[in-house]
Amino acid sequence: MTSVLYDAQGPRAKRRNILYTVLFVLGAAAVVWWVYDGLASKHQLDWIKWKPFFTSSQPWETYIWPGLQNTLKAAFFALIIALPLGALFGIGRLSDHRWMRAPSGAVVEFFRAIPVLILMLIANQAYFEYTSLDPDTRLLYAVITGLVLYNASVLAEIVRAGILTLPSGQTDAAKAIGMRKGQTMVFVLLPQAVTAMLPAIVSQVVVIVKDTALGGAVLSFPELLASVRPMAANYGANTIACFTIIAVIYLAVNFALTSFASWLEQRLRRAKKSTGAVVGTGPGGDLETIGAPSLRIDDGHAV
Amino acid sequence: MFDFLDGYDLLGAFWVTVQLTVYSALGSLIWGTLLAGMKVSPVPLMRGFATGYINVVRNIPLTVIIMFSSLGLYSTLAVSLGATDITGINFRLAVLALSAYTAAFVCEALRSGINTVPVGQAEAARALGLSFTQVLRLIILPQAFRAVVNPLSNVLIALTKNTTVASAIGVAEASYLMKKMIENEAQLLLISAVFAFGFIVLTLPTGLILGWVSKKVAVKR
């Protein structure tokens, strides 16, 4: 692989690169050894700490699987509630009427500015004070409410950006054949915008999945992360092993989603029928998107 | 009307939030720039490391990373980062976790900035005989930084909001205080409004000022 930043490598550059590689490996090996030594001296690498995860199904059945189910449940409901809400506010922000544009904009900006954690805390306390939900349902509702309020506002921006990427000729043509504004939006703009938005929506799902962990850490909602404490207590202080397993599960779920999003983005960019405009999937671009009429939602991906 | 605030150190809590944000922003800027340098470097192993780091860190919840820094690093491995009291240890661990996490996003933002620099700039620099580090340090990065003020301000705003996660390991910042207050005082709406306002005060000016800066410093092409 060559880059514009450096020349094709001659013999000297190749030797130098090998030297750098060796130095890098040595540095990395030193760090790995330091970590290994720390772990081993605290007996965190003993087989007995890791054994429960590999030899019995008990930790999976008792802690991990129910936790993962709760994580996915909260994420799923948050997504399906936030999507239509987001679409509503996104379209609202594009309205010709000031009385619709202004409040939509205010709501979106307001909920984007407040940390999800705080939204969850408020929702939890509000359900506690004003409803008679039993604690389990209340925690689930609180987590979903917090996620919906924040993600609907982010999705609203994605929808707005998606509609704005469409060429203005689409609206003109719809007008020319006598469509009303609502019809133009529903039959012409939205269907095209949805394809442009799909990758951004999929990568927003990653944000939602990650944010469910807040519910476990702060509200003691029994999701995946929350299963670390009881597991570590049950299997003899194997904190590191528990965290590793949990992190790998999050990684697997989210990496699948991220890969799907970028596959979708590339596919849509190549597709002949679309405008070729795709709402990008978060901060940081890719080399191949330069010059393409893409619009990036830089949300900083929250948590 | 605001007598429910008596006995709570509201400004102190937000001051901790600001401190967390500033230290983590500095940490993630340094580490993120190094990662971006590795990501575009001629050494394949470093490129692979940076790519792997970004993919792993971006797909693990920040909450998991912060909880790990407390339960894993401190409680299990006794890593205290040189602090002696528990408040200091938790604060430093939170800064470490936030920096490690945010660096991945800083790196991605910077890399998109590197992509905005016209190819001719790098070619001209190479034609003058500059080495890779010189090209990056003297020609590419200064222009990249000016192009990414806006994305970086978004990362900074997200970081400000993410500092609330530090309350999970007992750092007494704003959301930590809020949790205590809404449990003890029967003033849910007012307390929520105060903290929401606090975060808007922190994030809105950041966005506006850096938005203005980004227009000011953008390289006109």
# chains A, B, ... in the order shown; residues from 1 in each chain; ligands from 1
>>> residues_around(residues="Asn162 (chain B)", least_positions_apart="5", cutoff="12 Å", atoms="only C-alpha atoms", output="PyMOL selection string")
(chain A and resi 113-118+211+214+300-303) or (chain B and resi 17-18+20-21+24-25+61-63+65-66+94-95+97-99+101-102+155-157+167-168+173-175+199+203)
>>> interface_residues(of="chain B", to="chain A", cutoff="8 Å", atoms="only C-alpha atoms", output="PyMOL selection string")
chain B and resi 40+42-43+45-46+55-56+59-64+67-68+71-72+76-77+105+107-112+115-116+119+122-123+126+131-132+135-136+151+154-159+161-162+164-165+167-168+175+179+182-183+188+192+196+199-200+203-204
>>> residues_around(residues="Leu81 (chain B)", least_positions_apart="5", cutoff="12 Å", atoms="only C-alpha atoms", output="VMD selection string")
chain B and resid 69 to 70 73 to 74 86 88 to 96
>>> atom_distance(atom1="CA of Ala232 (chain A)", atom2="CA of Ile64 (chain A)")
12.1 Å
>>> select_by_dssp(residues="region 7-137 of chain B", states="alpha helix (DSSP H)", output="NGL selection string")
:B and (10-39 or 44-59 or 62-67 or 86-116 or 119-127 or 132-134)
>>> residues_around(residues="Leu190 (chain A)", least_positions_apart="6", cutoff="9 Å", atoms="only C-alpha atoms", output="mmCIF file with N, CA, C and O atoms, in the first residue's frame")
data_model
loop_
_atom_site.group_PDB
_atom_site.id
_atom_site.type_symbol
_atom_site.label_atom_id
_atom_site.label_comp_id
_atom_site.auth_asym_id
_atom_site.auth_seq_id
_atom_site.Cartn_x
_atom_site.Cartn_y
_atom_site.Cartn_z
ATOM 1 N N VAL A 159 -32.290 12.466 9.744
ATOM 2 C CA VAL A 159 -33.372 12.539 8.759
ATOM 3 C C VAL A 159 -33.298 13.855 7.992
ATOM 4 O O VAL A 159 -33.397 13.896 6.763
ATOM 5 N N GLY A 162 -30.529 13.734 5.623
ATOM 6 C CA GLY A 162 -30.853 12.827 4.525
ATOM 7 C C GLY A 162 -31.735 13.497 3.494
ATOM 8 O O GLY A 162 -31.523 13.350 2.284
ATOM 9 N N ILE A 163 -32.726 14.249 3.966
ATOM 10 C CA ILE A 163 -33.628 14.911 3.026
ATOM 11 C C ILE A 163 -32.904 16.044 2.295
ATOM 12 O O ILE A 163 -33.099 16.258 1.098
ATOM 13 N N THR A 184 -45.332 15.233 -1.653
ATOM 14 C CA THR A 184 -43.928 15.286 -2.067
ATOM 15 C C THR A 184 -43.046 14.618 -1.030
ATOM 16 O O THR A 184 -42.177 13.800 -1.350
#
>>> atom_distance(atom1="CA of Trp47 (chain A)", atom2="CA of Gly67 (chain A)")
24.2 Å
>>> residues_around(residues="Gly211 (chain B)", least_positions_apart="6", cutoff="9 Å", atoms="only C-alpha atoms", output="count of residues only")
3
>>> atom_distance(atom1="CA of Ala29 (chain A)", atom2="CA of Ala50 (chain B)")
15.9 Å
>>> residues_around(residues="region 90-92 of chain A", least_positions_apart="6", cutoff="6 Å", atoms="only C-alpha atoms", output="PyMOL selection string")
chain A and resi 100-101+104+156-157+159-160
>>> write_last_selection(atoms="C-alpha atoms", output="PDB file, in the first residue's frame")
ATOM      1  CA  MET A 100     -43.458  24.127  13.477  1.00  0.00           C
ATOM      2  CA  ARG A 101     -39.814  24.730  12.660  1.00  0.00           C
ATOM      3  CA  SER A 104     -38.941  21.187  16.605  1.00  0.00           C
ATOM      4  CA  ALA A 156     -34.021  13.894  13.651  1.00  0.00           C
ATOM      5  CA  GLU A 157     -30.760  15.466  12.511  1.00  0.00           C
ATOM      6  CA  VAL A 159     -33.372  12.539   8.759  1.00  0.00           C
ATOM      7  CA  ARG A 160     -32.980  16.252   8.096  1.00  0.00           C
TER       8      ARG A 160
END
>>> closest_residue(among="A:Tyr36, A:Trp65, A:Phe89, A:Phe221", to="Leu139 (chain A)", atoms="only C-alpha atoms")
A:Phe221
>>> decode(residues="region 64-106 of chain A", atoms="N, CA and C atoms", output="PDB file, in the first residue's frame")
ATOM      1  N   ILE A  64     -25.134 -13.894  31.908  1.00  0.00           N
ATOM      2  CA  ILE A  64     -24.798 -13.211  30.656  1.00  0.00           C
ATOM      3  C   ILE A  64     -25.973 -13.162  29.702  1.00  0.00           C
ATOM      4  N   TRP A  65     -26.619 -14.290  29.478  1.00  0.00           N
ATOM      5  CA  TRP A  65     -27.701 -14.321  28.488  1.00  0.00           C
ATOM      6  C   TRP A  65     -28.880 -13.441  28.904  1.00  0.00           C
ATOM      7  N   PRO A  66     -29.358 -13.545  30.193  1.00  0.00           N
ATOM      8  CA  PRO A  66     -30.427 -12.618  30.595  1.00  0.00           C
ATOM      9  C   PRO A  66     -29.998 -11.159  30.479  1.00  0.00           C
ATOM     10  N   GLY A  67     -28.739 -10.876  30.835  1.00  0.00           N
ATOM     11  CA  GLY A  67     -28.241  -9.507  30.723  1.00  0.00           C
ATOM     12  C   GLY A  67     -28.255  -9.026  29.288  1.00  0.00           C
ATOM     13  N   LEU A  68     -27.740  -9.892  28.389  1.00  0.00           N
ATOM     14  CA  LEU A  68     -27.704  -9.522  26.972  1.00  0.00           C
ATOM     15  C   LEU A  68     -29.112  -9.316  26.436  1.00  0.00           C
ATOM     16  N   GLN A  69     -30.049 -10.177  26.892  1.00  0.00           N
ATOM     17  CA  GLN A  69     -31.438 -10.016  26.459  1.00  0.00           C
ATOM     18  C   GLN A  69     -31.986  -8.660  26.868  1.00  0.00           C
ATOM     19  N   ASN A  70     -31.701  -8.264  28.122  1.00  0.00           N
ATOM     20  CA  ASN A  70     -32.185  -6.963  28.588  1.00  0.00           C
ATOM     21  C   ASN A  70     -31.559  -5.822  27.791  1.00  0.00           C
ATOM     22  N   THR A  71     -30.249  -5.959  27.514  1.00  0.00           N
ATOM     23  CA  THR A  71     -29.566  -4.949  26.714  1.00  0.00           C
ATOM     24  C   THR A  71     -30.242  -4.800  25.351  1.00  0.00           C
ATOM     25  N   LEU A  72     -30.445  -5.949  24.689  1.00  0.00           N
ATOM     26  CA  LEU A  72     -31.007  -5.905  23.339  1.00  0.00           C
ATOM     27  C   LEU A  72     -32.461  -5.435  23.365  1.00  0.00           C
ATOM     28  N   LYS A  73     -33.186  -5.837  24.431  1.00  0.00           N
ATOM     29  CA  LYS A  73     -34.582  -5.431  24.531  1.00  0.00           C
ATOM     30  C   LYS A  73     -34.677  -3.907  24.646  1.00  0.00           C
ATOM     31  N   ALA A  74     -33.883  -3.351  25.575  1.00  0.00           N
ATOM     32  CA  ALA A  74     -33.914  -1.896  25.765  1.00  0.00           C
ATOM     33  C   ALA A  74     -33.509  -1.191  24.469  1.00  0.00           C
ATOM     34  N   ALA A  75     -32.455  -1.693  23.813  1.00  0.00           N
ATOM     35  CA  ALA A  75     -31.980  -1.049  22.586  1.00  0.00           C
ATOM     36  C   ALA A  75     -33.038  -1.127  21.498  1.00  0.00           C
ATOM     37  N   PHE A  76     -33.697  -2.293  21.381  1.00  0.00           N
ATOM     38  CA  PHE A  76     -34.690  -2.484  20.329  1.00  0.00           C
ATOM     39  C   PHE A  76     -35.872  -1.533  20.504  1.00  0.00           C
ATOM     40  N   PHE A  77     -36.421  -1.495  21.735  1.00  0.00           N
ATOM     41  CA  PHE A  77     -37.567  -0.609  21.955  1.00  0.00           C
ATOM     42  C   PHE A  77     -37.174   0.855  21.784  1.00  0.00           C
ATOM     43  N   ALA A  78     -35.982   1.196  22.282  1.00  0.00           N
ATOM     44  CA  ALA A  78     -35.535   2.583  22.130  1.00  0.00           C
ATOM     45  C   ALA A  78     -35.483   2.955  20.656  1.00  0.00           C
ATOM     46  N   LEU A  79     -34.975   2.021  19.827  1.00  0.00           N
ATOM     47  CA  LEU A  79     -34.847   2.325  18.403  1.00  0.00           C
ATOM     48  C   LEU A  79     -36.203   2.485  17.738  1.00  0.00           C
ATOM     49  N   ILE A  80     -37.125   1.525  18.004  1.00  0.00           N
ATOM     50  CA  ILE A  80     -38.379   1.613  17.254  1.00  0.00           C
ATOM     51  C   ILE A  80     -39.256   2.757  17.734  1.00  0.00           C
ATOM     52  N   ILE A  81     -39.042   3.240  18.963  1.00  0.00           N
ATOM     53  CA  ILE A  81     -39.797   4.433  19.374  1.00  0.00           C
ATOM     54  C   ILE A  81     -39.102   5.694  18.861  1.00  0.00           C
ATOM     55  N   ALA A  82     -37.780   5.678  18.891  1.00  0.00           N
ATOM     56  CA  ALA A  82     -37.043   6.898  18.531  1.00  0.00           C
ATOM     57  C   ALA A  82     -37.113   7.187  17.036  1.00  0.00           C
ATOM     58  N   LEU A  83     -37.188   6.136  16.212  1.00  0.00           N
ATOM     59  CA  LEU A  83     -37.173   6.345  14.757  1.00  0.00           C
ATOM     60  C   LEU A  83     -38.328   7.220  14.255  1.00  0.00           C
ATOM     61  N   PRO A  84     -39.605   6.823  14.539  1.00  0.00           N
ATOM     62  CA  PRO A  84     -40.698   7.687  14.062  1.00  0.00           C
ATOM     63  C   PRO A  84     -40.672   9.071  14.685  1.00  0.00           C
ATOM     64  N   LEU A  85     -40.336   9.130  15.996  1.00  0.00           N
ATOM     65  CA  LEU A  85     -40.243  10.438  16.652  1.00  0.00           C
ATOM     66  C   LEU A  85     -39.197  11.310  15.966  1.00  0.00           C
ATOM     67  N   GLY A  86     -38.047  10.687  15.692  1.00  0.00           N
ATOM     68  CA  GLY A  86     -36.967  11.420  15.044  1.00  0.00           C
ATOM     69  C   GLY A  86     -37.385  11.902  13.667  1.00  0.00           C
ATOM     70  N   ALA A  87     -38.072  11.017  12.917  1.00  0.00           N
ATOM     71  CA  ALA A  87     -38.529  11.403  11.584  1.00  0.00           C
ATOM     72  C   ALA A  87     -39.471  12.606  11.671  1.00  0.00           C
ATOM     73  N   LEU A  88     -40.357  12.552  12.676  1.00  0.00           N
ATOM     74  CA  LEU A  88     -41.322  13.635  12.863  1.00  0.00           C
ATOM     75  C   LEU A  88     -40.611  14.964  13.107  1.00  0.00           C
ATOM     76  N   PHE A  89     -39.646  14.942  14.039  1.00  0.00           N
ATOM     77  CA  PHE A  89     -38.969  16.192  14.373  1.00  0.00           C
ATOM     78  C   PHE A  89     -38.039  16.636  13.252  1.00  0.00           C
ATOM     79  N   GLY A  90     -37.441  15.670  12.556  1.00  0.00           N
ATOM     80  CA  GLY A  90     -36.561  16.026  11.446  1.00  0.00           C
ATOM     81  C   GLY A  90     -37.339  16.721  10.343  1.00  0.00           C
ATOM     82  N   ILE A  91     -38.514  16.166  10.022  1.00  0.00           N
ATOM     83  CA  ILE A  91     -39.351  16.783   8.993  1.00  0.00           C
ATOM     84  C   ILE A  91     -39.902  18.113   9.511  1.00  0.00           C
ATOM     85  N   GLY A  92     -40.220  18.127  10.818  1.00  0.00           N
ATOM     86  CA  GLY A  92     -40.706  19.362  11.426  1.00  0.00           C
ATOM     87  C   GLY A  92     -39.726  20.510  11.272  1.00  0.00           C
ATOM     88  N   ARG A  93     -38.435  20.187  11.402  1.00  0.00           N
ATOM     89  CA  ARG A  93     -37.419  21.233  11.279  1.00  0.00           C
ATOM     90  C   ARG A  93     -37.307  21.764   9.862  1.00  0.00           C
ATOM     91  N   LEU A  94     -37.819  20.997   8.892  1.00  0.00           N
ATOM     92  CA  LEU A  94     -37.725  21.429   7.496  1.00  0.00           C
ATOM     93  C   LEU A  94     -39.012  22.112   7.046  1.00  0.00           C
ATOM     94  N   SER A  95     -39.963  22.227   7.977  1.00  0.00           N
ATOM     95  CA  SER A  95     -41.276  22.764   7.597  1.00  0.00           C
ATOM     96  C   SER A  95     -41.177  24.209   7.111  1.00  0.00           C
ATOM     97  N   ASP A  96     -42.157  24.589   6.284  1.00  0.00           N
ATOM     98  CA  ASP A  96     -42.208  25.975   5.813  1.00  0.00           C
ATOM     99  C   ASP A  96     -42.754  26.904   6.877  1.00  0.00           C
ATOM    100  N   HIS A  97     -43.394  26.302   7.894  1.00  0.00           N
ATOM    101  CA  HIS A  97     -44.063  27.131   8.892  1.00  0.00           C
ATOM    102  C   HIS A  97     -43.169  27.321  10.096  1.00  0.00           C
ATOM    103  N   ARG A  98     -43.029  28.578  10.454  1.00  0.00           N
ATOM    104  CA  ARG A  98     -42.160  28.911  11.563  1.00  0.00           C
ATOM    105  C   ARG A  98     -42.634  28.256  12.858  1.00  0.00           C
ATOM    106  N   TRP A  99     -43.970  28.209  13.047  1.00  0.00           N
ATOM    107  CA  TRP A  99     -44.483  27.669  14.316  1.00  0.00           C
ATOM    108  C   TRP A  99     -44.180  26.195  14.463  1.00  0.00           C
ATOM    109  N   MET A 100     -43.843  25.531  13.378  1.00  0.00           N
ATOM    110  CA  MET A 100     -43.458  24.127  13.477  1.00  0.00           C
ATOM    111  C   MET A 100     -41.936  23.978  13.546  1.00  0.00           C
ATOM    112  N   ARG A 101     -41.267  24.810  12.734  1.00  0.00           N
ATOM    113  CA  ARG A 101     -39.814  24.730  12.660  1.00  0.00           C
ATOM    114  C   ARG A 101     -39.180  25.051  14.006  1.00  0.00           C
ATOM    115  N   ALA A 102     -39.617  26.156  14.602  1.00  0.00           N
ATOM    116  CA  ALA A 102     -38.960  26.648  15.815  1.00  0.00           C
ATOM    117  C   ALA A 102     -39.056  25.652  16.978  1.00  0.00           C
ATOM    118  N   PRO A 103     -40.266  25.179  17.330  1.00  0.00           N
ATOM    119  CA  PRO A 103     -40.303  24.234  18.457  1.00  0.00           C
ATOM    120  C   PRO A 103     -39.568  22.931  18.166  1.00  0.00           C
ATOM    121  N   SER A 104     -39.681  22.426  16.926  1.00  0.00           N
ATOM    122  CA  SER A 104     -38.941  21.187  16.605  1.00  0.00           C
ATOM    123  C   SER A 104     -37.458  21.393  16.830  1.00  0.00           C
ATOM    124  N   GLY A 105     -36.953  22.524  16.324  1.00  0.00           N
ATOM    125  CA  GLY A 105     -35.529  22.814  16.481  1.00  0.00           C
ATOM    126  C   GLY A 105     -35.160  22.918  17.947  1.00  0.00           C
ATOM    127  N   ALA A 106     -36.007  23.601  18.734  1.00  0.00           N
ATOM    128  CA  ALA A 106     -35.705  23.795  20.152  1.00  0.00           C
ATOM    129  C   ALA A 106     -35.643  22.454  20.865  1.00  0.00           C
TER     130      ALA A 106
END
